[in-house]
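What's in work08.tsv: TSV, C-alpha atoms
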```tsv
chain	number	residue	atom	x	y	z
A	1004	MET	CA	56.48	10.55	-37.37
A	1005	GLN	CA	57.24	13.28	-34.89
A	1006	LEU	CA	54.42	14.02	-32.44
A	1007	ASP	CA	53.34	17.65	-32.31
A	1008	ILE	CA	52.31	17.87	-28.66
A	1009	PHE	CA	50.66	21.28	-29.06
A	1010	ALA	CA	48.64	20.27	-32.12
A	1011	ASP	CA	47.60	16.91	-30.67
A	1012	SER	CA	46.51	18.48	-27.36
A	1013	ARG	CA	44.50	21.25	-28.99
A	1014	ASP	CA	41.23	19.33	-28.56
A	1015	VAL	CA	42.01	18.70	-24.89
A	1016	MET	CA	42.64	22.41	-24.33
A	1017	LEU	CA	39.42	23.43	-26.04
A	1018	ARG	CA	37.44	20.77	-24.17
A	1019	ASN	CA	38.90	21.97	-20.89
A	1020	ASP	CA	37.85	25.53	-21.73
A	1021	VAL	CA	34.24	24.34	-21.95
A	1022	LEU	CA	34.53	22.37	-18.72
A	1023	ASP	CA	36.08	25.30	-16.89
A	1024	ALA	CA	33.18	27.54	-17.92
A	1025	LEU	CA	30.71	24.85	-16.82
A	1026	HIS	CA	32.39	24.62	-13.43
A	1027	ARG	CA	32.02	28.39	-13.14
A	1028	ARG	CA	28.42	28.08	-14.40
A	1029	HIS	CA	29.05	30.82	-16.95
A	1030	VAL	CA	26.79	30.00	-19.86
A	1031	GLY	CA	28.22	32.60	-22.27
A	1032	ASP	CA	31.81	31.44	-21.88
A	1033	ALA	CA	30.71	27.80	-22.04
A	1034	ARG	CA	28.80	28.28	-25.29
A	1035	GLN	CA	31.66	30.20	-26.95
A	1036	ALA	CA	34.18	27.55	-25.90
A	1037	TRP	CA	31.87	24.81	-27.17
A	1038	GLN	CA	31.56	26.53	-30.55
A	1039	ARG	CA	35.35	26.70	-30.88
A	1040	LEU	CA	35.63	23.01	-30.02
A	1041	ALA	CA	32.87	22.08	-32.47
A	1042	GLY	CA	34.38	24.20	-35.20
A	1043	GLU	CA	37.82	22.61	-34.99
A	1044	PHE	CA	36.81	19.10	-33.90
A	1045	PRO	CA	33.28	18.43	-35.17
A	1046	ASP	CA	33.59	14.69	-34.44
A	1047	ASP	CA	34.63	15.12	-30.81
A	1048	GLY	CA	32.73	12.60	-28.70
A	1049	SER	CA	32.09	15.03	-25.86
A	1050	LEU	CA	30.18	17.62	-27.88
A	1051	SER	CA	26.71	16.18	-27.30
A	1052	GLY	CA	27.13	15.82	-23.54
A	1053	LEU	CA	28.66	19.27	-23.21
A	1054	ALA	CA	25.76	20.75	-25.17
A	1055	THR	CA	23.33	19.08	-22.77
A	1056	LEU	CA	25.03	20.72	-19.79
A	1057	ILE	CA	25.19	24.12	-21.49
A	1058	ASP	CA	21.50	23.94	-22.35
A	1059	VAL	CA	20.48	23.24	-18.76
A	1060	LEU	CA	22.82	26.00	-17.59
A	1061	ASP	CA	20.98	28.36	-19.92
A	1062	ASP	CA	17.57	27.26	-18.64
A	1063	GLY	CA	16.42	30.08	-16.43
A	1064	LEU	CA	12.80	29.00	-16.13
A	1065	ALA	CA	11.45	29.22	-12.59
A	1066	THR	CA	7.74	28.89	-13.29
A	1067	PRO	CA	6.05	26.63	-10.71
A	1068	PHE	CA	4.80	23.30	-11.98
A	1069	THR	CA	1.03	23.01	-12.09
A	1070	GLU	CA	0.67	19.42	-13.25
A	1071	HIS	CA	2.36	16.09	-12.67
A	1072	ALA	CA	3.37	15.54	-16.30
A	1073	THR	CA	5.60	18.62	-16.50
A	1074	LEU	CA	7.27	17.72	-13.22
A	1075	ALA	CA	7.87	14.19	-14.50
A	1076	ALA	CA	9.41	15.53	-17.72
A	1077	ALA	CA	11.78	17.80	-15.82
A	1078	CYS	CA	12.88	14.96	-13.53
A	1079	CYS	CA	13.38	12.60	-16.48
A	1080	ARG	CA	15.57	15.18	-18.21
A	1081	LEU	CA	17.79	15.58	-15.16
A	1082	ASN	CA	17.92	11.88	-14.39
A	1083	ASP	CA	18.31	10.46	-17.89
A	1084	GLU	CA	20.28	13.18	-19.70
A	1085	VAL	CA	21.82	15.88	-17.54
A	1086	GLU	CA	23.21	13.95	-14.56
A	1087	PRO	CA	24.72	11.10	-16.67
A	1088	ALA	CA	26.43	13.69	-18.89
A	1089	ALA	CA	27.71	15.62	-15.88
A	1090	ARG	CA	29.08	12.51	-14.19
A	1091	ARG	CA	30.74	11.36	-17.41
A	1092	LEU	CA	32.37	14.69	-18.25
A	1093	LEU	CA	33.04	16.18	-14.81
A	1094	GLY	CA	33.70	13.02	-12.83
A	1095	ASP	CA	31.27	10.98	-10.76
A	1096	ALA	CA	31.24	12.96	-7.50
A	1097	ALA	CA	31.75	16.37	-9.13
A	1098	GLY	CA	29.06	15.62	-11.70
A	1099	ARG	CA	26.50	14.70	-9.06
A	1100	ALA	CA	27.34	17.87	-7.10
A	1101	TRP	CA	27.08	20.00	-10.25
A	1102	VAL	CA	23.48	18.88	-10.87
A	1103	VAL	CA	22.27	19.44	-7.29
A	1104	PRO	CA	21.17	23.08	-7.86
A	1105	TRP	CA	18.89	21.92	-10.66
A	1106	TRP	CA	17.35	19.19	-8.51
A	1107	ARG	CA	16.72	21.90	-5.90
A	1108	ALA	CA	15.18	24.19	-8.50
A	1109	VAL	CA	12.85	21.45	-9.73
A	1110	ALA	CA	11.84	20.62	-6.13
A	1111	GLN	CA	11.04	24.26	-5.43
A	1112	ARG	CA	8.95	24.50	-8.59
A	1113	ALA	CA	7.07	21.32	-7.53
A	1114	ALA	CA	5.95	22.69	-4.17
A	1115	GLY	CA	2.35	23.09	-5.33
A	1116	VAL	CA	2.00	19.72	-7.05
A	1117	PRO	CA	-0.30	17.56	-4.86
A	1118	PHE	CA	0.40	13.95	-3.96
A	1119	ARG	CA	-1.59	11.48	-6.05
A	1120	ALA	CA	-1.42	7.74	-5.53
A	1121	ASP	CA	-1.56	6.96	-9.26
A	1122	VAL	CA	1.51	9.14	-9.98
A	1123	CYS	CA	3.08	8.93	-6.54
A	1124	SER	CA	6.68	9.51	-7.68
A	1125	HIS	CA	5.76	12.92	-9.14
A	1126	HIS	CA	6.07	14.99	-5.99
A	1127	ALA	CA	8.50	17.46	-4.45
A	1128	ALA	CA	9.61	15.10	-1.65
A	1129	PRO	CA	11.61	12.59	-3.75
A	1130	VAL	CA	13.15	15.49	-5.69
A	1131	TRP	CA	14.34	17.04	-2.43
A	1132	LEU	CA	15.85	13.66	-1.58
A	1133	ARG	CA	17.75	13.71	-4.89
A	1134	ALA	CA	18.95	17.21	-4.00
A	1135	GLY	CA	20.18	15.99	-0.62
A	1136	ASP	CA	18.00	18.41	1.36
A	1137	TRP	CA	16.63	16.11	4.06
A	1138	GLU	CA	14.78	18.81	6.01
A	1139	ALA	CA	12.96	20.09	2.92
A	1140	ALA	CA	12.02	16.50	2.04
A	1141	ARG	CA	10.55	16.02	5.51
A	1142	HIS	CA	8.48	19.20	5.24
A	1143	ALA	CA	7.21	18.14	1.80
A	1144	VAL	CA	6.08	14.76	3.18
A	1145	GLU	CA	4.42	16.35	6.20
A	1146	ARG	CA	2.13	18.29	3.86
A	1147	ILE	CA	0.67	15.01	2.56
A	1148	VAL	CA	-2.52	14.11	4.41
A	1149	SER	CA	-2.17	10.82	6.36
A	1150	TRP	CA	1.36	10.32	5.00
A	1151	ARG	CA	2.14	7.83	7.75
A	1152	ARG	CA	-0.57	5.48	6.43
A	1153	ILE	CA	0.62	5.55	2.80
A	1154	PRO	CA	3.67	3.42	1.88
A	1155	VAL	CA	5.35	5.80	-0.59
A	1156	PRO	CA	5.46	8.98	1.53
A	1157	LEU	CA	6.19	6.88	4.61
A	1158	ALA	CA	9.27	5.52	2.81
A	1159	TRP	CA	10.28	9.07	1.79
A	1160	MET	CA	10.05	10.22	5.39
A	1161	ALA	CA	12.01	7.22	6.62
A	1162	GLU	CA	14.77	7.93	4.11
A	1163	ALA	CA	14.89	11.63	4.98
A	1164	ARG	CA	15.08	10.86	8.71
A	1165	TYR	CA	17.74	8.21	8.13
A	1166	ARG	CA	19.92	10.56	6.05
A	1167	ALA	CA	19.61	13.36	8.59
A	1168	ASP	CA	19.69	11.52	11.92
A	1169	GLY	CA	20.89	7.96	11.36
A	1170	LEU	CA	19.42	4.51	11.80
A	1171	GLU	CA	18.47	4.65	15.49
A	1172	SER	CA	15.97	7.45	14.91
A	1173	VAL	CA	14.18	5.74	12.05
A	1174	TRP	CA	13.36	2.30	13.49
A	1175	PRO	CA	9.72	3.19	14.27
A	1176	LEU	CA	9.12	4.29	10.66
A	1177	LEU	CA	10.92	1.25	9.27
A	1178	THR	CA	8.74	-0.96	11.44
A	1179	GLU	CA	5.52	0.67	10.25
A	1180	LEU	CA	6.65	0.45	6.62
A	1181	ALA	CA	7.45	-3.27	6.93
A	1182	TRP	CA	3.97	-3.92	8.32
A	1183	LEU	CA	2.27	-1.70	5.77
A	1184	SER	CA	4.15	-2.66	2.59
A	1185	PRO	CA	6.96	-5.24	2.61
A	1186	GLY	CA	7.71	-4.39	-1.03
A	1187	HIS	CA	8.32	-0.71	-0.33
A	1188	PHE	CA	10.31	-1.70	2.77
A	1189	ALA	CA	12.58	-3.92	0.64
A	1190	ALA	CA	13.08	-1.12	-1.90
A	1191	LEU	CA	13.96	1.33	0.87
A	1192	LEU	CA	16.55	-1.04	2.34
A	1193	GLN	CA	18.18	-1.21	-1.07
A	1194	ARG	CA	18.29	2.60	-1.37
A	1195	LEU	CA	19.67	3.10	2.13
A	1196	ALA	CA	22.42	0.48	1.67
A	1197	ASP	CA	23.03	0.48	5.43
A	1198	ALA	CA	25.59	-2.17	6.39
A	1199	SER	CA	23.90	-3.17	9.66
A	1200	LEU	CA	20.43	-3.29	8.10
A	1201	ASP	CA	21.73	-5.33	5.17
A	1202	ALA	CA	23.37	-7.78	7.58
A	1203	LEU	CA	20.10	-8.20	9.48
A	1204	ARG	CA	18.22	-8.69	6.21
A	1205	ARG	CA	20.61	-11.44	5.11
A	1206	LYS	CA	20.31	-13.16	8.48
A	1207	PHE	CA	16.51	-12.87	8.36
A	1208	ASP	CA	16.37	-14.33	4.85
A	1209	ALA	CA	18.56	-17.24	5.91
A	1210	ASN	CA	16.72	-18.10	9.13
A	1211	PHE	CA	13.10	-16.98	8.98
A	1212	GLU	CA	10.59	-19.75	8.28
A	1213	GLY	CA	8.38	-18.13	5.68
A	1214	SER	CA	7.38	-18.39	2.04
A	1215	GLY	CA	10.67	-17.03	0.74
A	1216	GLN	CA	8.81	-14.10	-0.81
A	1217	THR	CA	9.08	-10.36	-0.19
A	1218	ALA	CA	5.88	-10.56	1.87
A	1219	ASP	CA	7.91	-12.29	4.60
A	1220	LEU	CA	9.49	-8.92	5.43
A	1221	ALA	CA	6.31	-7.91	7.24
A	1222	TRP	CA	7.65	-10.19	10.01
A	1223	PHE	CA	11.06	-8.51	10.01
A	1224	PRO	CA	10.38	-6.19	13.00
A	1225	ALA	CA	9.20	-9.10	15.16
A	1226	TRP	CA	12.21	-11.17	14.16
A	1227	VAL	CA	14.55	-8.24	14.88
A	1228	LEU	CA	13.25	-8.09	18.45
A	1229	ILE	CA	14.40	-11.69	18.95
A	1230	ASP	CA	17.80	-11.09	17.37
A	1231	LYS	CA	18.31	-7.58	18.79
A	1232	PRO	CA	16.13	-7.21	21.92
A	1233	GLY	CA	17.96	-4.00	22.74
A	1234	LEU	CA	15.95	-2.34	19.95
A	1235	ALA	CA	12.71	-2.76	21.92
A	1236	PRO	CA	12.52	0.92	23.00
A	1237	GLN	CA	12.75	2.09	19.38
A	1238	LEU	CA	10.24	-0.42	18.00
A	1239	ARG	CA	7.82	0.34	20.81
A	1240	GLU	CA	7.46	3.84	19.36
A	1241	ALA	CA	5.95	2.49	16.12
A	1242	GLN	CA	2.39	3.72	15.70
A	1243	PRO	CA	-0.50	1.25	15.38
A	1244	SER	CA	-1.10	0.10	11.82
A	1245	ARG	CA	-3.58	-2.43	10.43
A	1246	GLN	CA	-3.31	-4.96	13.25
A	1247	THR	CA	-2.03	-7.67	10.92
A	1248	ALA	CA	-0.48	-10.85	12.28
A	1249	PRO	CA	3.11	-9.52	11.89
A	1250	GLU	CA	2.18	-6.36	13.81
A	1251	ARG	CA	0.47	-8.35	16.57
A	1252	ALA	CA	3.53	-10.58	16.82
A	1253	THR	CA	5.77	-7.55	17.25
A	1254	ARG	CA	3.52	-6.16	19.97
A	1255	LEU	CA	3.45	-9.54	21.69
A	1256	LEU	CA	7.23	-9.78	21.68
A	1257	LEU	CA	7.50	-6.30	23.17
A	1258	GLN	CA	5.18	-7.45	25.96
A	1259	ILE	CA	7.09	-10.71	26.38
A	1260	LEU	CA	10.45	-8.92	26.73
A	1261	ASN	CA	8.94	-6.67	29.36
A	1262	LEU	CA	7.35	-9.57	31.26
A	1263	GLU	CA	10.65	-11.46	31.24
A	1264	ARG	CA	12.30	-8.57	33.06
A	1265	GLN	CA	9.47	-8.36	35.56
A	1266	GLY	CA	9.27	-12.11	36.16
A	1267	HIS	CA	5.50	-12.41	35.66
A	1268	GLN	CA	5.43	-16.08	34.72
A	1269	HIS	CA	1.69	-16.63	34.30
A	1270	GLU	CA	1.23	-13.73	31.90
A	1271	LEU	CA	4.48	-14.67	30.15
A	1272	VAL	CA	3.18	-18.17	29.42
A	1273	GLU	CA	-0.03	-16.74	27.96
A	1274	ARG	CA	1.83	-14.30	25.69
A	1275	ARG	CA	4.19	-17.04	24.50
A	1276	LYS	CA	1.24	-19.24	23.58
A	1277	ALA	CA	-0.33	-16.37	21.66
A	1278	LEU	CA	2.96	-15.86	19.77
A	1279	ARG	CA	3.10	-19.57	18.92
A	1280	ASP	CA	-0.45	-19.40	17.55
A	1281	LEU	CA	0.48	-16.45	15.34
A	1282	HIS	CA	3.67	-17.96	13.85
A	1283	ALA	CA	5.09	-21.27	15.04
A	1284	GLY	CA	8.43	-20.70	13.30
A	1285	LEU	CA	8.92	-17.29	14.89
A	1286	TYR	CA	7.99	-18.76	18.27
A	1287	ALA	CA	10.55	-21.54	17.78
A	1288	THR	CA	13.22	-18.98	16.92
A	1289	TYR	CA	12.37	-17.06	20.07
A	1290	MET	CA	12.47	-20.16	22.29
A	1291	LYS	CA	15.93	-21.09	20.97
A	1292	THR	CA	17.24	-17.94	22.61
A	1293	ARG	CA	15.71	-18.81	26.00
```
Represent the structure contained in this file as structure tokens.
Amino acid sequence: MQLDIFADSRDVMLRNDVLDALHRRHVGDARQAWQRLAGEFPDDGSLSGLATLIDVLDDGLATPFTEHATLAAACCRLNDEVEPAARRLLGDAAGRAWVVPWWRAVAQRAAGVPFRADVCSHHAAPVWLRAGDWEAARHAVERIVSWRRIPVPLAWMAEARYRADGLESVWPLLTELAWLSPGHFAALLQRLADASLDALRRKFDANFEGSGQTADLAWFPAWVLIDKPGLAPQLREAQPSRQTAPERATRLLLQILNLERQGHQHELVERRKALRDLHAGLYATYMKTR
């Protein structure tokens, strides 16, 4: 059987016409091209995904959100339907880039939705993070009262600062988050996927004498000071939290590192004893380096 190249590539040509119009964000051309493809190839596997992208392209609504449920529905649509279709049909990187304007539009419409602890993910800040606008995400978090004392917005701010300025600038916020909520700290580390942080986490998990649970990560800042004492200036900038044992251990180690440089032996002995009383395993790890 002789292959008719033009006939057998007709579906590819029609599909590419739709994709070209989507790249140009021209809804009229995209819908006409989709109708031609559907008319000639009604069983084409790309029709549903292409229709999803055309529909969102045709969505000109800009009404601000007034409640959390409508914001959640818009985010679910982008996350569960639109972005997967875009990445599948346009390519991974191009698909993600294609959806960014809609993440921005949703974030702008969410500006007036207040932060509520029971629906904490329904807020403009994480949507700005999805859109890749780190400065807008920071401003959205700053409008939350006492954001630095609440794990979720604290994690949003840490991520925004990390994306914009790098790891060195975000150590104080990471420290506060570990003290405040080890679970949110662990989730943030996973999202950041920073090679140096991941290496420290693996080393901590392998060497820290704890329960083996996520709660151990509250001790991560104190342990980091032993492994990386050069980070002391950054960790010293962490604001006071709840004065838990892990926080007190971190403060003690900051004092100890300073006393070691000054050579104040009597005070150094007292601080070391206090560290031992807080966590014998952490104290033993510290003494191995001395």
request  = Write out as a list of chain:residue names the residues lying within 12 Å of Glu1273 (chain A), counting all atoms listed in the file and excluding same-chain residues fewer than 4 positions away.
outcome  =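 Contacts, with the query itself left out: A:Leu1255, A:Leu1256, A:Gln1258, A:Ile1259, A:Leu1262, A:His1267, A:Gln1268, A:His1269, A:Ala1277, A:Leu1278, A:Arg1279, A:Asp1280.
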ask   = Between A:Glu1270, A:Glu1250, A:Asp1058, A:Glu1212, which has the minimum distance to Ala1283 (chain A) (counting all atoms listed in the file)?
value =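 Among the listed residues, the smallest separation from Ala1283 (chain A) belongs to A:Glu1212.
The residue set within 9 Å of region 1207-1209 of chain A, counting all atoms listed in the file and dropping same-chain residues fewer than 6 places from it, reads A:Gly1215, A:Asp1219, A:Leu1220, A:Phe1223, A:Trp1226, A:Val1227.
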key: Surrounding residues of Trp1106 (chain A) excluding itself and chain neighbours under 4 positions, 10 Å, all atoms listed in the file, as a PyMOL selection string   = chain A and resi 1077-1078+1081-1082+1086+1101-1102+1110-1112+1127+1129-1136
Output C-alpha atoms for every residue in the selection just made, as a PDB file, in the coordinates of the input.
```
ATOM      1  CA  ALA A1077      11.780  17.800 -15.820  1.00  0.00           C
ATOM      2  CA  CYS A1078      12.880  14.960 -13.530  1.00  0.00           C
ATOM      3  CA  LEU A1081      17.790  15.580 -15.160  1.00  0.00           C
ATOM      4  CA  ASN A1082      17.920  11.880 -14.390  1.00  0.00           C
ATOM      5  CA  GLU A1086      23.210  13.950 -14.560  1.00  0.00           C
ATOM      6  CA  TRP A1101      27.080  20.000 -10.250  1.00  0.00           C
ATOM      7  CA  VAL A1102      23.480  18.880 -10.870  1.00  0.00           C
ATOM      8  CA  ALA A1110      11.840  20.620  -6.130  1.00  0.00           C
ATOM      9  CA  GLN A1111      11.040  24.260  -5.430  1.00  0.00           C
ATOM     10  CA  ARG A1112       8.950  24.500  -8.590  1.00  0.00           C
ATOM     11  CA  ALA A1127       8.500  17.460  -4.450  1.00  0.00           C
ATOM     12  CA  PRO A1129      11.610  12.590  -3.750  1.00  0.00           C
ATOM     13  CA  VAL A1130      13.150  15.490  -5.690  1.00  0.00           C
ATOM     14  CA  TRP A1131      14.340  17.040  -2.430  1.00  0.00           C
ATOM     15  CA  LEU A1132      15.850  13.660  -1.580  1.00  0.00           C
ATOM     16  CA  ARG A1133      17.750  13.710  -4.890  1.00  0.00           C
ATOM     17  CA  ALA A1134      18.950  17.210  -4.000  1.00  0.00           C
ATOM     18  CA  GLY A1135      20.180  15.990  -0.620  1.00  0.00           C
ATOM     19  CA  ASP A1136      18.000  18.410   1.360  1.00  0.00           C
TER      20      ASP A1136
END
```
request  = Go through A:Gly1115, A:Gly1169, A:Pro1185, A:Asp1230 one by one, measure the shortest atom-to-atom distance of each to Lys1206 (chain A) using all atoms listed in the file, and give the residue with the smallest value.
outcome  = A:Asp1230
message = With only C-alpha atoms as the counted atoms, please give the residues lying no more than 10 Å from Gly1098 (chain A), apart from itself and same-chain residues fewer than 2 positions off, as a list of chain:residue names.
response = A:His1026, A:Val1085, A:Glu1086, A:Pro1087, A:Ala1088, A:Ala1089, A:Arg1090, A:Arg1091, A:Leu1092, A:Leu1093, A:Gly1094, A:Asp1095, A:Ala1096, A:Ala1100, A:Trp1101, A:Val1102, A:Val1103
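For the set A:Met1160, A:Tyr1289, A:Arg1080, A:Thr1066, the residue with the smallest atom-to-atom gap to Ala1114 (chain A) is A:Thr1066, counting all atoms listed in the file.
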query = CA of Ile1229 (chain A) to CA of Leu1271 (chain A): how many Å, to one decimal?
reply = 15.3 Å
inquiry  = Calculated over only C-alpha atoms, which of the candidates A:Leu1040, A:Leu1183, A:Ala1196, A:Leu1177 has the smallest distance to Pro1224 (chain A)?
reply    =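 Checking each of A:Leu1040, A:Leu1183, A:Ala1196, A:Leu1177 against Pro1224 (chain A), counting only C-alpha atoms, the winner is A:Leu1177.
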Fewer than 2 positions away in the same chain doesn't count, so skip those; otherwise give me all residues within 10 Å of Val1173 (chain A), counting only C-alpha atoms, as a tab-separated table (two decimals) with C-alpha atoms, in the coordinates of the input.
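Listed below is the output, around_4.tsv:
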```tsv
chain	number	residue	atom	x	y	z
A	1160	MET	CA	10.05	10.22	5.39
A	1161	ALA	CA	12.01	7.22	6.62
A	1162	GLU	CA	14.77	7.93	4.11
A	1163	ALA	CA	14.89	11.63	4.98
A	1164	ARG	CA	15.08	10.86	8.71
A	1165	TYR	CA	17.74	8.21	8.13
A	1166	ARG	CA	19.92	10.56	6.05
A	1167	ALA	CA	19.61	13.36	8.59
A	1168	ASP	CA	19.69	11.52	11.92
A	1169	GLY	CA	20.89	7.96	11.36
A	1170	LEU	CA	19.42	4.51	11.80
A	1171	GLU	CA	18.47	4.65	15.49
A	1175	PRO	CA	9.72	3.19	14.27
A	1176	LEU	CA	9.12	4.29	10.66
A	1177	LEU	CA	10.92	1.25	9.27
A	1178	THR	CA	8.74	-0.96	11.44
A	1237	GLN	CA	12.75	2.09	19.38
A	1238	LEU	CA	10.24	-0.42	18.00
A	1241	ALA	CA	5.95	2.49	16.12
```
ask   = Which one is closest to Arg1151 (chain A): A:Asp1197, A:Glu1043, A:Glu1179, A:Glu1138? Count all atoms listed in the file.
value =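 Under the stated criterion, the closest residue is A:Glu1179.
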query = Using only C-alpha atoms, which residue out of A:Ala1097, A:Leu1281, A:Ile1057, A:Ile1153 lies closest to Ala1252 (chain A)?
reply = A:Leu1281
task = Could you check how far CA of Arg1245 (chain A) sits from CA of Ser1172 (chain A), in Å to one decimal?
result =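 Rounded to one decimal, the two atoms are 22.4 Å apart.
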query = CA of Thr1288 (chain A) to CA of Leu1195 (chain A): how many Å, to one decimal?
reply = 27.3 Å
Could you rebuild region 1116-1131 of chain A with N, CA and C atoms and give it back as a PDB file, in the frame of the given file?
```
ATOM      1  N   VAL A1116       2.539  20.918  -6.402  1.00  0.00           N
ATOM      2  CA  VAL A1116       2.000  19.720  -7.050  1.00  0.00           C
ATOM      3  C   VAL A1116       1.502  18.753  -5.970  1.00  0.00           C
ATOM      4  N   PRO A1117       0.230  18.411  -5.943  1.00  0.00           N
ATOM      5  CA  PRO A1117      -0.300  17.560  -4.860  1.00  0.00           C
ATOM      6  C   PRO A1117       0.119  16.099  -5.024  1.00  0.00           C
ATOM      7  N   PHE A1118       0.112  15.388  -3.919  1.00  0.00           N
ATOM      8  CA  PHE A1118       0.400  13.950  -3.960  1.00  0.00           C
ATOM      9  C   PHE A1118      -0.812  13.226  -4.524  1.00  0.00           C
ATOM     10  N   ARG A1119      -0.544  12.337  -5.489  1.00  0.00           N
ATOM     11  CA  ARG A1119      -1.590  11.480  -6.050  1.00  0.00           C
ATOM     12  C   ARG A1119      -1.063  10.057  -6.099  1.00  0.00           C
ATOM     13  N   ALA A1120      -1.875   9.128  -5.628  1.00  0.00           N
ATOM     14  CA  ALA A1120      -1.420   7.740  -5.530  1.00  0.00           C
ATOM     15  C   ALA A1120      -1.087   7.135  -6.883  1.00  0.00           C
ATOM     16  N   ASP A1121      -1.796   7.571  -7.952  1.00  0.00           N
ATOM     17  CA  ASP A1121      -1.560   6.960  -9.260  1.00  0.00           C
ATOM     18  C   ASP A1121      -0.290   7.478  -9.930  1.00  0.00           C
ATOM     19  N   VAL A1122       0.237   8.611  -9.468  1.00  0.00           N
ATOM     20  CA  VAL A1122       1.510   9.140  -9.980  1.00  0.00           C
ATOM     21  C   VAL A1122       2.361   9.548  -8.772  1.00  0.00           C
ATOM     22  N   CYS A1123       2.528   8.615  -7.859  1.00  0.00           N
ATOM     23  CA  CYS A1123       3.080   8.930  -6.540  1.00  0.00           C
ATOM     24  C   CYS A1123       4.528   9.412  -6.576  1.00  0.00           C
ATOM     25  N   SER A1124       5.280   9.068  -7.637  1.00  0.00           N
ATOM     26  CA  SER A1124       6.680   9.510  -7.680  1.00  0.00           C
ATOM     27  C   SER A1124       6.819  10.952  -8.134  1.00  0.00           C
ATOM     28  N   HIS A1125       5.715  11.559  -8.628  1.00  0.00           N
ATOM     29  CA  HIS A1125       5.760  12.920  -9.140  1.00  0.00           C
ATOM     30  C   HIS A1125       5.361  13.884  -8.023  1.00  0.00           C
ATOM     31  N   HIS A1126       6.315  14.159  -7.165  1.00  0.00           N
ATOM     32  CA  HIS A1126       6.070  14.990  -5.990  1.00  0.00           C
ATOM     33  C   HIS A1126       7.386  15.641  -5.584  1.00  0.00           C
ATOM     34  N   ALA A1127       7.294  16.734  -4.842  1.00  0.00           N
ATOM     35  CA  ALA A1127       8.500  17.460  -4.450  1.00  0.00           C
ATOM     36  C   ALA A1127       9.402  16.644  -3.519  1.00  0.00           C
ATOM     37  N   ALA A1128       8.810  15.801  -2.655  1.00  0.00           N
ATOM     38  CA  ALA A1128       9.610  15.100  -1.650  1.00  0.00           C
ATOM     39  C   ALA A1128      10.746  14.261  -2.236  1.00  0.00           C
ATOM     40  N   PRO A1129      10.486  13.365  -3.218  1.00  0.00           N
ATOM     41  CA  PRO A1129      11.610  12.590  -3.750  1.00  0.00           C
ATOM     42  C   PRO A1129      12.628  13.441  -4.492  1.00  0.00           C
ATOM     43  N   VAL A1130      12.200  14.594  -5.024  1.00  0.00           N
ATOM     44  CA  VAL A1130      13.150  15.490  -5.690  1.00  0.00           C
ATOM     45  C   VAL A1130      14.067  16.138  -4.658  1.00  0.00           C
ATOM     46  N   TRP A1131      13.503  16.520  -3.512  1.00  0.00           N
ATOM     47  CA  TRP A1131      14.340  17.040  -2.430  1.00  0.00           C
ATOM     48  C   TRP A1131      15.343  15.987  -1.954  1.00  0.00           C
TER      49      TRP A1131
END
```
